[in-house]
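Participant: Just so it is clear, I am handing over model_31.tsv, which has TSV, C-alpha atoms.
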chain	number	residue	atom	x	y	z
S	30	MET	CA	-0.03	-6.75	-8.52
S	31	ILE	CA	0.91	-4.12	-5.95
S	32	THR	CA	1.25	-5.52	-2.43
S	33	VAL	CA	0.29	-3.47	0.62
S	34	ALA	CA	1.41	-4.86	3.99
S	35	LEU	CA	-0.39	-4.13	7.25
S	36	ALA	CA	2.03	-3.47	10.11
S	37	GLY	CA	1.46	-2.67	13.74
S	38	LYS	CA	1.52	-4.04	17.24
S	39	PRO	CA	-0.96	-6.75	18.26
S	40	ASN	CA	-4.57	-5.70	18.87
S	41	ALA	CA	-4.28	-2.40	16.99
S	42	GLY	CA	-6.97	-3.50	14.53
S	43	LYS	CA	-4.90	-4.88	11.65
S	44	SER	CA	-6.98	-8.02	11.23
S	45	THR	CA	-10.22	-6.01	11.37
S	46	PHE	CA	-8.82	-3.64	8.73
S	47	TYR	CA	-7.85	-6.67	6.61
S	48	THR	CA	-11.26	-8.31	7.01
S	49	ALA	CA	-13.08	-5.09	6.14
S	50	ALA	CA	-10.90	-4.40	3.10
S	51	THR	CA	-10.89	-7.93	1.67
S	52	GLU	CA	-14.23	-9.20	3.01
S	53	ALA	CA	-12.40	-12.37	4.01
S	54	ASP	CA	-12.95	-14.35	7.19
S	55	VAL	CA	-9.97	-14.19	9.57
S	56	ASP	CA	-9.62	-14.43	13.34
S	57	VAL	CA	-10.29	-11.12	15.09
S	58	ALA	CA	-9.93	-11.05	18.88
S	59	ASN	CA	-8.97	-8.76	21.75
S	60	TYR	CA	-5.66	-10.40	22.62
S	61	PRO	CA	-2.12	-10.38	21.21
S	62	PHE	CA	-1.03	-12.60	18.29
S	63	THR	CA	-4.50	-13.44	17.00
S	64	THR	CA	-2.80	-13.66	13.60
S	65	ILE	CA	-0.15	-16.39	13.49
S	66	ASP	CA	0.12	-17.24	9.80
S	67	ALA	CA	0.10	-14.45	7.23
S	68	ASN	CA	-3.21	-13.66	5.57
S	69	ARG	CA	-3.09	-12.70	1.90
S	70	GLY	CA	-6.10	-11.37	0.09
S	71	VAL	CA	-7.27	-9.08	-2.68
S	72	THR	CA	-8.66	-5.65	-1.96
S	73	HIS	CA	-9.03	-2.54	-4.12
S	74	VAL	CA	-8.07	1.08	-4.43
S	75	ARG	CA	-10.78	3.43	-5.60
S	76	THR	CA	-10.55	5.98	-8.39
S	77	ARG	CA	-12.77	7.79	-10.86
S	78	CYS	CA	-13.78	5.55	-13.76
S	79	PRO	CA	-13.41	7.03	-17.26
S	80	CYS	CA	-16.93	5.82	-18.05
S	81	LEU	CA	-18.19	8.96	-16.27
S	82	ASP	CA	-17.07	10.83	-19.39
S	83	ARG	CA	-19.42	8.77	-21.54
S	84	GLU	CA	-23.21	8.71	-21.73
S	85	GLU	CA	-23.49	5.30	-20.03
S	86	ARG	CA	-21.62	3.55	-17.24
S	87	CYS	CA	-19.22	0.82	-18.32
S	88	GLY	CA	-20.87	-2.10	-16.55
S	89	SER	CA	-17.57	-3.54	-15.34
S	90	GLU	CA	-17.80	-5.67	-12.20
S	91	HIS	CA	-15.15	-3.36	-10.72
S	92	CYS	CA	-17.17	-0.19	-11.36
S	93	ARG	CA	-20.03	1.04	-9.20
S	94	GLU	CA	-21.70	3.95	-10.94
S	95	GLY	CA	-18.36	5.48	-11.91
S	96	LYS	CA	-16.44	4.47	-8.78
S	97	ARG	CA	-13.68	2.24	-10.12
S	98	TYR	CA	-12.08	-0.34	-7.85
S	99	VAL	CA	-8.65	-1.54	-8.97
S	100	PRO	CA	-7.34	-4.77	-7.39
S	101	ILE	CA	-4.24	-4.88	-5.18
S	102	GLU	CA	-2.89	-7.48	-2.76
S	103	LEU	CA	-3.23	-6.94	0.99
S	104	LEU	CA	-0.98	-8.74	3.47
S	105	ASP	CA	-1.78	-9.11	7.16
S	106	VAL	CA	0.74	-10.85	9.39
S	107	ALA	CA	1.58	-11.26	13.06
S	108	GLY	CA	1.77	-8.09	15.14
S	109	LEU	CA	5.09	-6.54	16.10
S	110	VAL	CA	6.31	-6.02	19.67
S	111	PRO	CA	9.37	-4.07	20.83
S	112	GLY	CA	12.49	-6.12	20.07
S	113	ALA	CA	10.89	-7.81	17.04
S	114	HIS	CA	14.07	-7.38	14.99
S	115	GLU	CA	15.82	-9.53	17.62
S	116	GLY	CA	13.20	-12.25	17.26
S	117	LYS	CA	10.87	-11.28	20.10
S	118	GLY	CA	7.21	-12.18	19.69
S	119	LEU	CA	6.61	-13.26	16.10
S	120	GLY	CA	8.81	-10.46	14.80
S	121	ASN	CA	11.07	-12.37	12.46
S	122	GLN	CA	8.07	-13.98	10.78
S	123	PHE	CA	6.47	-10.59	10.20
S	124	LEU	CA	9.60	-8.82	9.06
S	125	ASP	CA	10.49	-11.60	6.64
S	126	GLU	CA	7.02	-11.27	5.08
S	127	LEU	CA	7.68	-7.57	4.52
S	128	THR	CA	10.25	-8.26	1.83
S	129	ASN	CA	7.52	-8.70	-0.79
S	130	ALA	CA	5.58	-5.54	0.12
S	131	ASP	CA	5.65	-2.37	-1.95
S	132	VAL	CA	4.28	-0.11	0.78
S	133	VAL	CA	3.43	-0.47	4.47
S	134	VAL	CA	0.27	0.63	6.28
S	135	ASN	CA	1.06	1.01	9.99
S	136	VAL	CA	-2.18	0.49	11.91
S	137	VAL	CA	-2.04	2.35	15.24
S	138	ASP	CA	-4.55	2.27	18.09
S	139	ALA	CA	-5.38	5.98	18.24
S	140	SER	CA	-7.49	5.45	21.34
S	141	GLY	CA	-4.41	4.59	23.40
S	142	ALA	CA	-6.26	1.57	24.84
S	143	THR	CA	-3.54	-1.03	24.22
S	144	ASN	CA	0.01	-1.03	25.57
S	145	ALA	CA	3.24	-1.68	23.65
S	146	GLU	CA	2.62	-5.46	23.71
S	147	GLY	CA	-0.98	-5.09	22.52
S	148	GLU	CA	-2.59	-5.79	25.88
S	149	PRO	CA	-5.79	-3.86	26.78
S	150	VAL	CA	-5.31	-0.85	29.06
S	151	GLU	CA	-7.41	2.18	29.97
S	152	VAL	CA	-8.33	4.44	27.05
S	153	GLY	CA	-5.77	7.21	26.62
S	154	SER	CA	-3.16	5.64	28.92
S	155	HIS	CA	-0.78	4.63	26.09
S	156	ASP	CA	0.77	7.12	23.66
S	157	PRO	CA	-0.05	6.13	20.04
S	158	LEU	CA	2.99	8.09	18.84
S	159	ASP	CA	5.18	5.43	20.44
S	160	ASP	CA	3.59	2.88	18.12
S	161	VAL	CA	4.26	5.04	15.07
S	162	ASP	CA	7.94	5.29	15.91
S	163	PHE	CA	8.61	1.74	17.07
S	164	VAL	CA	7.28	-0.01	13.95
S	165	GLU	CA	9.56	2.06	11.74
S	166	GLU	CA	12.47	1.48	14.11
S	167	GLU	CA	11.96	-2.28	14.14
S	168	MET	CA	11.87	-2.38	10.34
S	169	ASP	CA	15.02	-0.27	10.06
S	170	LEU	CA	17.01	-2.27	12.61
S	171	TRP	CA	15.90	-5.56	11.07
S	172	LEU	CA	17.23	-4.48	7.67
S	173	ALA	CA	20.40	-3.13	9.31
S	174	GLY	CA	20.95	-6.61	10.73
S	175	ILE	CA	20.62	-8.14	7.27
S	176	VAL	CA	23.15	-5.65	5.88
S	177	ASP	CA	25.58	-6.43	8.73
S	178	ARG	CA	25.31	-10.19	8.24
S	179	ASN	CA	25.98	-9.91	4.52
S	180	TRP	CA	28.62	-7.17	4.56
S	181	GLU	CA	31.53	-9.63	4.40
S	182	SER	CA	30.43	-10.66	0.90
S	183	VAL	CA	30.56	-7.00	-0.20
S	184	GLU	CA	34.07	-6.68	1.23
S	185	ARG	CA	35.20	-9.79	-0.66
S	186	LYS	CA	33.82	-8.44	-3.93
S	187	SER	CA	35.60	-5.13	-3.35
S	188	ARG	CA	38.95	-6.88	-3.93
S	189	SER	CA	38.08	-7.27	-7.60
S	190	PRO	CA	39.50	-4.56	-9.91
S	191	ASP	CA	36.09	-4.12	-11.58
S	192	PHE	CA	34.21	-3.84	-8.29
S	193	ASP	CA	31.03	-1.76	-8.43
S	194	LEU	CA	29.53	-0.80	-5.06
S	195	GLU	CA	26.07	-0.06	-6.43
S	196	ALA	CA	25.89	-3.44	-8.13
S	197	ALA	CA	27.16	-5.27	-5.05
S	198	LEU	CA	24.65	-3.58	-2.75
S	199	SER	CA	21.84	-4.12	-5.24
S	200	GLU	CA	22.62	-7.83	-5.33
S	201	MET	CA	22.63	-7.97	-1.53
S	202	LEU	CA	19.35	-6.06	-1.19
S	203	THR	CA	17.43	-7.49	-4.12
S	204	GLY	CA	15.48	-9.78	-1.80
S	205	PHE	CA	14.22	-6.70	0.02
S	206	GLY	CA	12.88	-5.25	-3.20
S	207	ALA	CA	15.64	-2.70	-3.80
S	208	THR	CA	16.65	-2.15	-7.42
S	209	GLU	CA	19.99	-0.82	-8.64
S	210	ALA	CA	18.24	2.51	-9.28
S	211	ASP	CA	17.02	2.55	-5.67
S	212	VAL	CA	20.52	1.88	-4.36
S	213	ALA	CA	22.05	4.52	-6.62
S	214	ARG	CA	19.51	7.13	-5.42
S	215	VAL	CA	20.14	6.20	-1.77
S	216	LEU	CA	23.93	6.37	-2.10
S	217	ARG	CA	23.73	9.84	-3.64
S	218	GLY	CA	22.16	11.05	-0.41
S	219	LEU	CA	24.70	9.46	1.94
S	220	GLU	CA	28.28	10.13	2.96
S	221	TYR	CA	30.35	6.93	3.16
S	222	PRO	CA	33.89	5.57	2.65
S	223	ASP	CA	34.84	4.42	-0.83
S	224	ASP	CA	36.30	1.20	0.60
S	225	PRO	CA	33.60	-1.13	2.04
S	226	LYS	CA	36.14	-2.39	4.59
S	227	ALA	CA	36.17	1.12	6.11
S	228	TRP	CA	32.40	1.24	6.63
S	229	THR	CA	31.29	1.45	10.26
S	230	ASP	CA	28.15	0.10	11.93
S	231	ASP	CA	26.70	3.60	11.69
S	232	ASP	CA	27.38	3.71	7.94
S	233	ARG	CA	25.59	0.41	7.41
S	234	GLU	CA	22.67	1.42	9.59
S	235	ALA	CA	22.30	4.70	7.69
S	236	LEU	CA	22.23	2.71	4.44
S	237	ALA	CA	19.58	0.35	5.81
S	238	ARG	CA	17.36	3.18	7.02
S	239	ALA	CA	17.59	5.02	3.71
S	240	VAL	CA	16.86	1.88	1.67
S	241	ARG	CA	13.86	1.04	3.84
S	242	ARG	CA	12.46	4.56	3.46
S	243	ARG	CA	12.75	4.35	-0.30
S	244	THR	CA	11.52	0.79	-0.84
S	245	LYS	CA	8.99	0.41	2.00
S	246	PRO	CA	7.33	3.82	2.58
S	247	ILE	CA	4.78	4.02	5.40
S	248	VAL	CA	1.24	5.36	5.76
S	249	VAL	CA	-0.02	5.62	9.34
S	250	VAL	CA	-3.62	4.62	10.05
S	251	ALA	CA	-4.93	6.18	13.28
S	252	ASN	CA	-7.44	3.40	13.92
S	253	LYS	CA	-10.25	3.24	16.50
S	254	VAL	CA	-10.73	6.97	15.97
S	255	ASP	CA	-14.34	6.72	17.12
S	256	ALA	CA	-13.04	5.74	20.58
S	257	ALA	CA	-10.03	8.08	20.66
S	258	PRO	CA	-9.78	11.07	23.03
S	259	ASP	CA	-10.28	14.53	21.52
S	260	GLY	CA	-7.18	15.74	19.70
S	261	ALA	CA	-5.53	12.31	19.52
S	262	VAL	CA	-5.34	12.21	15.75
S	263	ASP	CA	-4.05	15.79	15.50
S	264	ARG	CA	-1.31	14.92	17.98
S	265	ILE	CA	-0.27	11.92	15.88
S	266	ARG	CA	-0.15	14.09	12.76
S	267	GLU	CA	1.94	16.70	14.52
S	268	GLY	CA	4.37	14.07	15.81
S	269	THR	CA	5.28	12.39	12.52
S	270	ASP	CA	6.29	13.35	8.99
S	271	LYS	CA	4.27	10.47	7.51
S	272	PRO	CA	0.77	10.73	6.11
S	273	VAL	CA	-1.80	9.94	8.82
S	274	ILE	CA	-5.31	8.70	8.00
S	275	ALA	CA	-7.99	8.67	10.71
S	276	ALA	CA	-9.94	5.40	10.52
S	277	THR	CA	-12.43	3.08	12.09
S	278	ALA	CA	-11.86	-0.39	10.70
S	279	ASP	CA	-14.71	-1.67	12.88
S	280	GLY	CA	-17.00	0.88	11.26
S	281	GLU	CA	-15.96	-0.10	7.74
S	282	LEU	CA	-16.48	-3.78	8.51
S	283	ALA	CA	-19.93	-3.09	9.95
S	284	LEU	CA	-20.94	-1.04	6.91
S	285	ARG	CA	-19.77	-3.65	4.41
S	286	ARG	CA	-21.70	-6.36	6.21
S	287	ALA	CA	-24.76	-4.13	6.52
S	288	ALA	CA	-24.58	-3.28	2.81
S	289	GLU	CA	-24.33	-6.96	1.93
S	290	ALA	CA	-27.42	-7.61	4.06
S	291	GLY	CA	-29.30	-4.80	2.30
S	292	VAL	CA	-29.53	-2.69	5.44
S	293	VAL	CA	-27.53	0.30	4.16
S	294	ASP	CA	-26.64	1.81	0.81
S	295	TYR	CA	-22.84	2.17	0.93
S	296	ASP	CA	-19.90	1.81	-1.42
S	297	PRO	CA	-16.38	1.44	0.06
S	298	GLY	CA	-14.81	4.88	0.23
S	299	ASP	CA	-18.08	6.82	0.45
S	300	GLU	CA	-18.07	9.58	3.04
S	301	SER	CA	-21.50	8.58	4.34
S	302	PHE	CA	-24.29	6.02	3.87
S	303	GLU	CA	-28.05	5.71	3.85
S	304	ILE	CA	-30.10	3.31	5.97
S	305	VAL	CA	-32.44	1.50	3.57
S	306	GLY	CA	-33.48	-1.58	5.56
S	307	ASP	CA	-35.21	-2.39	8.81
S	308	VAL	CA	-33.02	-1.85	11.88
S	309	SER	CA	-33.62	-1.89	15.61
S	310	ASP	CA	-33.41	1.25	17.69
S	311	ASP	CA	-29.98	0.18	19.01
S	312	GLN	CA	-28.73	-0.52	15.50
S	313	ARG	CA	-29.97	2.83	14.27
S	314	ALA	CA	-28.26	4.60	17.17
S	315	GLY	CA	-25.01	2.79	16.40
S	316	LEU	CA	-25.21	3.64	12.70
S	317	ASN	CA	-25.99	7.28	13.46
S	318	ALA	CA	-22.95	7.48	15.75
S	319	LEU	CA	-20.82	5.98	12.97
S	320	ARG	CA	-22.23	8.50	10.50
S	321	GLU	CA	-21.17	11.35	12.79
S	322	SER	CA	-17.66	9.93	13.06
S	323	MET	CA	-17.47	9.59	9.27
S	324	ALA	CA	-18.59	13.19	8.86
S	325	ASP	CA	-15.75	14.32	11.11
S	326	HIS	CA	-13.11	12.25	9.27
S	327	ASP	CA	-14.40	12.09	5.67
S	328	GLY	CA	-15.39	8.42	5.85
S	329	THR	CA	-14.17	5.35	7.68
S	330	GLY	CA	-10.61	5.87	6.43
S	331	VAL	CA	-10.00	2.31	5.24
S	332	GLN	CA	-10.35	3.06	1.54
S	333	THR	CA	-8.61	6.41	1.99
S	334	ALA	CA	-5.59	4.73	3.56
S	335	LEU	CA	-5.22	2.23	0.74
S	336	SER	CA	-5.50	4.97	-1.87
S	337	ALA	CA	-2.97	7.12	-0.01
S	338	ALA	CA	-0.54	4.20	0.03
S	339	VAL	CA	-0.86	3.39	-3.66
S	340	TYR	CA	-1.66	6.67	-5.41
S	341	ASP	CA	0.26	9.05	-3.15
S	342	LEU	CA	3.23	7.22	-1.62
S	343	LEU	CA	3.85	4.85	-4.55
S	344	ASP	CA	2.84	7.58	-7.02
S	345	ARG	CA	0.73	5.34	-9.25
S	346	ILE	CA	-1.73	6.21	-12.00
S	347	THR	CA	-4.54	4.13	-13.48
S	348	ALA	CA	-4.51	3.40	-17.21
S	349	TYR	CA	-7.12	1.48	-19.21
S	350	PRO	CA	-6.04	-0.51	-22.31
S	351	VAL	CA	-8.72	-1.09	-24.98
S	352	GLN	CA	-8.86	-2.65	-28.43
S	353	ASP	CA	-11.51	-0.38	-29.92
S	354	ALA	CA	-10.50	3.26	-29.43
S	355	GLY	CA	-13.95	4.52	-30.42
S	356	LYS	CA	-16.07	2.31	-28.21
S	357	TRP	CA	-13.47	1.79	-25.43
S	358	THR	CA	-14.02	-1.95	-25.58
S	359	ASP	CA	-12.04	-5.18	-25.72
S	360	GLY	CA	-12.44	-7.78	-28.46
S	361	THR	CA	-15.73	-9.07	-27.08
S	362	GLY	CA	-17.38	-5.69	-26.55
S	363	ASN	CA	-16.70	-5.20	-22.84
S	364	VAL	CA	-16.32	-1.50	-22.01
S	365	LEU	CA	-13.17	-0.60	-20.05
S	366	PRO	CA	-12.63	-4.19	-18.87
S	367	ASP	CA	-9.14	-3.75	-17.44
S	368	ALA	CA	-7.31	-1.20	-15.30
S	369	PHE	CA	-3.57	-1.14	-14.62
S	370	LEU	CA	-1.70	0.68	-11.86
S	371	LEU	CA	1.49	2.11	-13.35
S	372	PRO	CA	4.24	4.33	-11.91
S	373	ALA	CA	3.78	8.01	-12.70
S	374	GLY	CA	5.75	8.86	-15.81
S	375	SER	CA	4.93	5.56	-17.52
S	376	THR	CA	4.60	5.52	-21.31
S	377	PRO	CA	2.47	3.51	-23.77
S	378	PRO	CA	5.17	0.81	-24.12
S	379	ASP	CA	5.13	0.44	-20.32
S	380	LEU	CA	1.38	-0.16	-20.46
S	381	ALA	CA	1.88	-2.65	-23.28
S	382	TYR	CA	4.34	-4.66	-21.18
S	383	ALA	CA	1.95	-4.50	-18.22
S	384	VAL	CA	-0.76	-6.10	-20.36
S	385	HIS	CA	1.58	-8.87	-21.59
S	386	SER	CA	5.27	-9.19	-22.35
S	387	ASP	CA	4.48	-10.29	-25.92
S	388	ILE	CA	2.38	-7.16	-26.46
S	389	GLY	CA	5.25	-5.06	-25.17
S	390	GLU	CA	7.88	-6.74	-27.31
S	391	GLY	CA	5.74	-6.30	-30.40
S	392	TYR	CA	4.75	-2.69	-29.61
S	393	LEU	CA	4.19	-0.53	-32.71
S	394	HIS	CA	2.27	2.53	-31.57
S	395	ALA	CA	-0.59	3.70	-29.36
S	396	VAL	CA	-3.77	5.73	-29.68
S	397	ASP	CA	-5.20	8.07	-27.05
S	398	ALA	CA	-8.84	6.92	-27.13
S	399	ARG	CA	-10.11	10.10	-25.48
S	400	ALA	CA	-8.57	12.38	-28.10
S	401	SER	CA	-8.72	9.84	-30.98
S	402	ARG	CA	-5.12	10.57	-31.90
S	403	ARG	CA	-1.91	8.66	-32.16
S	404	ILE	CA	0.64	9.32	-29.41
S	405	GLY	CA	4.39	8.79	-29.29
S	406	GLU	CA	6.11	6.07	-27.34
S	407	ASP	CA	7.65	8.67	-24.99
S	408	HIS	CA	4.24	10.18	-24.17
S	409	GLU	CA	3.69	10.23	-20.39
S	410	LEU	CA	0.40	8.66	-19.38
S	411	THR	CA	-1.85	10.34	-16.81
S	412	GLU	CA	-4.56	9.17	-14.43
S	413	GLY	CA	-7.58	7.81	-16.25
S	414	ASP	CA	-6.02	7.53	-19.71
S	415	VAL	CA	-7.76	5.14	-22.12
S	416	ILE	CA	-5.20	3.75	-24.55
S	417	LYS	CA	-5.31	1.48	-27.57
S	418	ILE	CA	-2.05	-0.46	-28.00
S	419	VAL	CA	-1.14	-1.58	-31.52
S	420	SER	CA	1.31	-4.50	-31.46
S	421	THR	CA	2.59	-7.19	-33.80
S	422	ALA	CA	1.47	-9.65	-31.13
S	423	GLY	CA	-2.14	-8.66	-31.78
S	424	PRO	CA	-4.76	-7.60	-29.23
Please lay out the structure from this file as structure tokens.

Facilitator:
Amino acid sequence: MITVALAGKPNAGKSTFYTAATEADVDVANYPFTTIDANRGVTHVRTRCPCLDREERCGSEHCREGKRYVPIELLDVAGLVPGAHEGKGLGNQFLDELTNADVVVNVVDASGATNAEGEPVEVGSHDPLDDVDFVEEEMDLWLAGIVDRNWESVERKSRSPDFDLEAALSEMLTGFGATEADVARVLRGLEYPDDPKAWTDDDREALARAVRRRTKPIVVVANKVDAAPDGAVDRIREGTDKPVIAATADGELALRRAAEAGVVDYDPGDESFEIVGDVSDDQRAGLNALRESMADHDGTGVQTALSAAVYDLLDRITAYPVQDAGKWTDGTGNVLPDAFLLPAGSTPPDLAYAVHSDIGEGYLHAVDARASRRIGEDHELTEGDVIKIVSTAGP
């Protein structure tokens, strides 16, 4: 399962974002280091369900009238403070947790109402762009420290006549999630000495920064947008090359709880909602203010940020394996029961292995259920494909 990690300084709204996205109970408070131990939960990215191309909806528990929710893991850990890579605050704990993440969502207080340490200050008195830059810097310097501490082992291996730099670096960085292909791609974009003993601190830091960019890409969430000064989000977008999603995690959490109570009609990721239950005048005023904010920013931003992280930065597609290519069902008649997030460019054998290693090893051929035709094993799958896998391992 894909893992998305929430990064950011204390009190930027990470735990509220996590609670809203996972509907789990965690501590949320207006002071630094509310989160001590990492929270892990399941949330979802939203996409268009293929059942919209049929006469009836699929009935899957993960589909709401054609809005398909595909599970991913969400990780929320202690907030970062400047100097985290040196162990300040709870930095080492957070950064160590990052090793298992596929992508990072940097939650920033767009209102500028918290300082660098996460302490409350006057709205607009802190520059959110500082928070965008420092999280990335802490991650890069932390990995640079790991590379420095382990460089002696690379130098020792270089004495061997069959030394391979890519393999040595891949072995060193495997715990950070870097594959040999990642390392090879990174090295092609760097200038460096052939002999590891001639590498400088700058060479190693450049390697660390490039590896982090490739293996832990970042989406910026401009949170608390409903309290942010005019133009704050635009300024963040202009000041970074990363995707920036305007969000109100508080608003998303309120809507999910209101929907559960039957007060509003709302599905996560909708751009608006309808009040369907009894509310007080104050509640109605608050909901109307939230609706206006959502109209300005195309929703609360929570679902948008998760989708941007998975579908855009990680470049994933959703594929649906079935056993009956005509009815789009599994062996017990469930329509479109499963959805898999695969890297763009994946083929039917890749989907087979995602379902189960035995299915992959016994792969024979595949059928495009939409077109009712057999497809080759080098056929590139696309978003929303419904595929029947034929394997010696059975369904």

Participant: One decimal, Å: what's the distance from CA of Val183 (chain S) over to CA of Glu209 (chain S), could you say?

Facilitator: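 About the pair CA of Val183 (chain S) and CA of Glu209 (chain S): they are 14.9 Å apart.
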
Participant: Need the neighbours of (20.6, -9.2, 3.6): which residues are at most 7 Å away, counting all atoms listed in the file, as a VMD selection string?

Facilitator: chain S and resid 175 to 176 178 to 179 201 to 202

Participant: To one decimal in Å, tell me the separation between CA of Glu281 (chain S) and CA of Pro100 (chain S).

Facilitator: 18.0 Å

Participant: Can you work out the spacing between CA of Ile274 (chain S) and CA of Glu148 (chain S) in Å, to one decimal?

Facilitator: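 We find that CA of Ile274 (chain S) and CA of Glu148 (chain S) lie 23.2 Å from each other.
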
Participant: Could you check the closest approach to Val71 (chain S) for each of S:Ala34, S:Ala348, S:Cys92, S:Ala197 and tell me which residue wins, using all atoms listed in the file?

Facilitator: S:Ala34

Participant: Kindly provide, as a compact mmCIF listing (two decimals) with C-alpha atoms, in the frame of the given file, the polymer residues lying within 8 Å of (-16.8, -4.3, -15.3), counting only C-alpha atoms and using the coordinates exactly as they appear in the file.

Facilitator:
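File produced: out_22.txt:
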# COMPACT_ATOMS: atom_id res chain seq x y z
CA CYS S 87 -19.22 0.82 -18.32
CA GLY S 88 -20.87 -2.10 -16.55
CA SER S 89 -17.57 -3.54 -15.34
CA GLU S 90 -17.80 -5.67 -12.20
CA HIS S 91 -15.15 -3.36 -10.72
CA CYS S 92 -17.17 -0.19 -11.36
CA ASN S 363 -16.70 -5.20 -22.84
CA VAL S 364 -16.32 -1.50 -22.01
CA LEU S 365 -13.17 -0.60 -20.05
CA PRO S 366 -12.63 -4.19 -18.87
CA ASP S 367 -9.14 -3.75 -17.44

Participant: From the list S:Glu126, S:Asp177, S:Asp160, S:Asp131, which residue is nearest Leu342 (chain S) when using all atoms listed in the file?

Facilitator: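 For Leu342 (chain S), the nearest of the candidates is S:Asp131.
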
Participant: Write out as JSON lines the residues of region 264-340 of chain S that have any atom within 10 Å of an atom of region 44-52 of chain S, one row each with the nearest atom pair and its distance in Å to one decimal, counting all atoms listed in the file, sorted by chain and then rising number.

Facilitator:
{"residue": "S:Ala276", "atom": "CA", "partner": "S:Phe46", "partner_atom": "CA", "distance": 9.3}
{"residue": "S:Thr277", "atom": "CA", "partner": "S:Phe46", "partner_atom": "CA", "distance": 8.3}
{"residue": "S:Ala278", "atom": "CA", "partner": "S:Phe46", "partner_atom": "CA", "distance": 4.9}
{"residue": "S:Asp279", "atom": "CA", "partner": "S:Thr45", "partner_atom": "CA", "distance": 6.4}
{"residue": "S:Gly280", "atom": "CA", "partner": "S:Ala49", "partner_atom": "CA", "distance": 8.8}
{"residue": "S:Glu281", "atom": "CA", "partner": "S:Ala49", "partner_atom": "CA", "distance": 6.0}
{"residue": "S:Leu282", "atom": "CA", "partner": "S:Ala49", "partner_atom": "CA", "distance": 4.3}
{"residue": "S:Ala283", "atom": "CA", "partner": "S:Ala49", "partner_atom": "CA", "distance": 8.1}
{"residue": "S:Leu284", "atom": "CA", "partner": "S:Ala49", "partner_atom": "CA", "distance": 8.9}
{"residue": "S:Arg285", "atom": "CA", "partner": "S:Ala49", "partner_atom": "CA", "distance": 7.1}
{"residue": "S:Arg286", "atom": "CA", "partner": "S:Glu52", "partner_atom": "CA", "distance": 8.6}
{"residue": "S:Pro297", "atom": "CA", "partner": "S:Ala50", "partner_atom": "CA", "distance": 8.6}
{"residue": "S:Gly330", "atom": "CA", "partner": "S:Phe46", "partner_atom": "CA", "distance": 9.9}
{"residue": "S:Val331", "atom": "CA", "partner": "S:Phe46", "partner_atom": "CA", "distance": 7.0}
{"residue": "S:Gln332", "atom": "CA", "partner": "S:Ala50", "partner_atom": "CA", "distance": 7.6}
{"residue": "S:Leu335", "atom": "CA", "partner": "S:Ala50", "partner_atom": "CA", "distance": 9.0}

Participant: Can you list, as a PDB file with C-alpha atoms, keeping the file's coordinate frame, every protein, DNA or RNA residue that comes within 9 Å of Val396 (chain S) when you count all atoms listed in the file, leaving out same-chain residues fewer than 2 positions away?

Facilitator:
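To be explicit, this is the file written out as around-v2.pdb:
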ATOM      1  CA  ALA S 354     -10.500   3.260 -29.430  1.00  0.00           C
ATOM      2  CA  PRO S 377       2.470   3.510 -23.770  1.00  0.00           C
ATOM      3  CA  HIS S 394       2.270   2.530 -31.570  1.00  0.00           C
ATOM      4  CA  ALA S 398      -8.840   6.920 -27.130  1.00  0.00           C
ATOM      5  CA  ARG S 399     -10.110  10.100 -25.480  1.00  0.00           C
ATOM      6  CA  ALA S 400      -8.570  12.380 -28.100  1.00  0.00           C
ATOM      7  CA  SER S 401      -8.720   9.840 -30.980  1.00  0.00           C
ATOM      8  CA  ARG S 402      -5.120  10.570 -31.900  1.00  0.00           C
ATOM      9  CA  ARG S 403      -1.910   8.660 -32.160  1.00  0.00           C
ATOM     10  CA  ILE S 404       0.640   9.320 -29.410  1.00  0.00           C
ATOM     11  CA  GLY S 405       4.390   8.790 -29.290  1.00  0.00           C
ATOM     12  CA  VAL S 415      -7.760   5.140 -22.120  1.00  0.00           C
ATOM     13  CA  ILE S 416      -5.200   3.750 -24.550  1.00  0.00           C
ATOM     14  CA  LYS S 417      -5.310   1.480 -27.570  1.00  0.00           C
ATOM     15  CA  ILE S 418      -2.050  -0.460 -28.000  1.00  0.00           C
ATOM     16  CA  VAL S 419      -1.140  -1.580 -31.520  1.00  0.00           C
TER      17      VAL S 419
END

Participant: Please provide as a ChimeraX atom specification all residues within 12 Å of Glu102 (chain S), with the sequence filter that same-chain residues fewer than 3 positions apart are discarded (counting all atoms listed in the file).

Facilitator: /S:30-35,47,50-51,68-74,99,105,129-133,335,339

Participant: Taking all atoms listed in the file into account, name the residue in S:Gln352, S:Ala139, S:Lys245, S:Lys226 that is nearest to Glu181 (chain S).

Facilitator: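 For Glu181 (chain S), the nearest of the given residues is S:Lys226.
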
Participant: Closest to Leu393 (chain S) among S:Gly423, S:Leu81, S:Leu104, S:Arg266, using all atoms listed in the file?

Facilitator: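 Smallest separation from Leu393 (chain S) among the options: S:Gly423.
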
Participant: Please provide as JSON, numbers by chain all residues within 10 Å of Val240 (chain S), with the sequence filter that same-chain residues fewer than 5 positions apart are discarded (counting all atoms listed in the file).

Facilitator: {"S": [169, 172, 173, 202, 205, 206, 207, 208, 211, 212, 214, 215, 216, 234, 235, 245, 246]}

Participant: Measuring between all atoms listed in the file, which one of S:Asp307, S:Asp255, S:Asp353, S:Glu406 shows the shortest distance to Arg320 (chain S)?

Facilitator: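 For Arg320 (chain S), the nearest of the given residues is S:Asp255.
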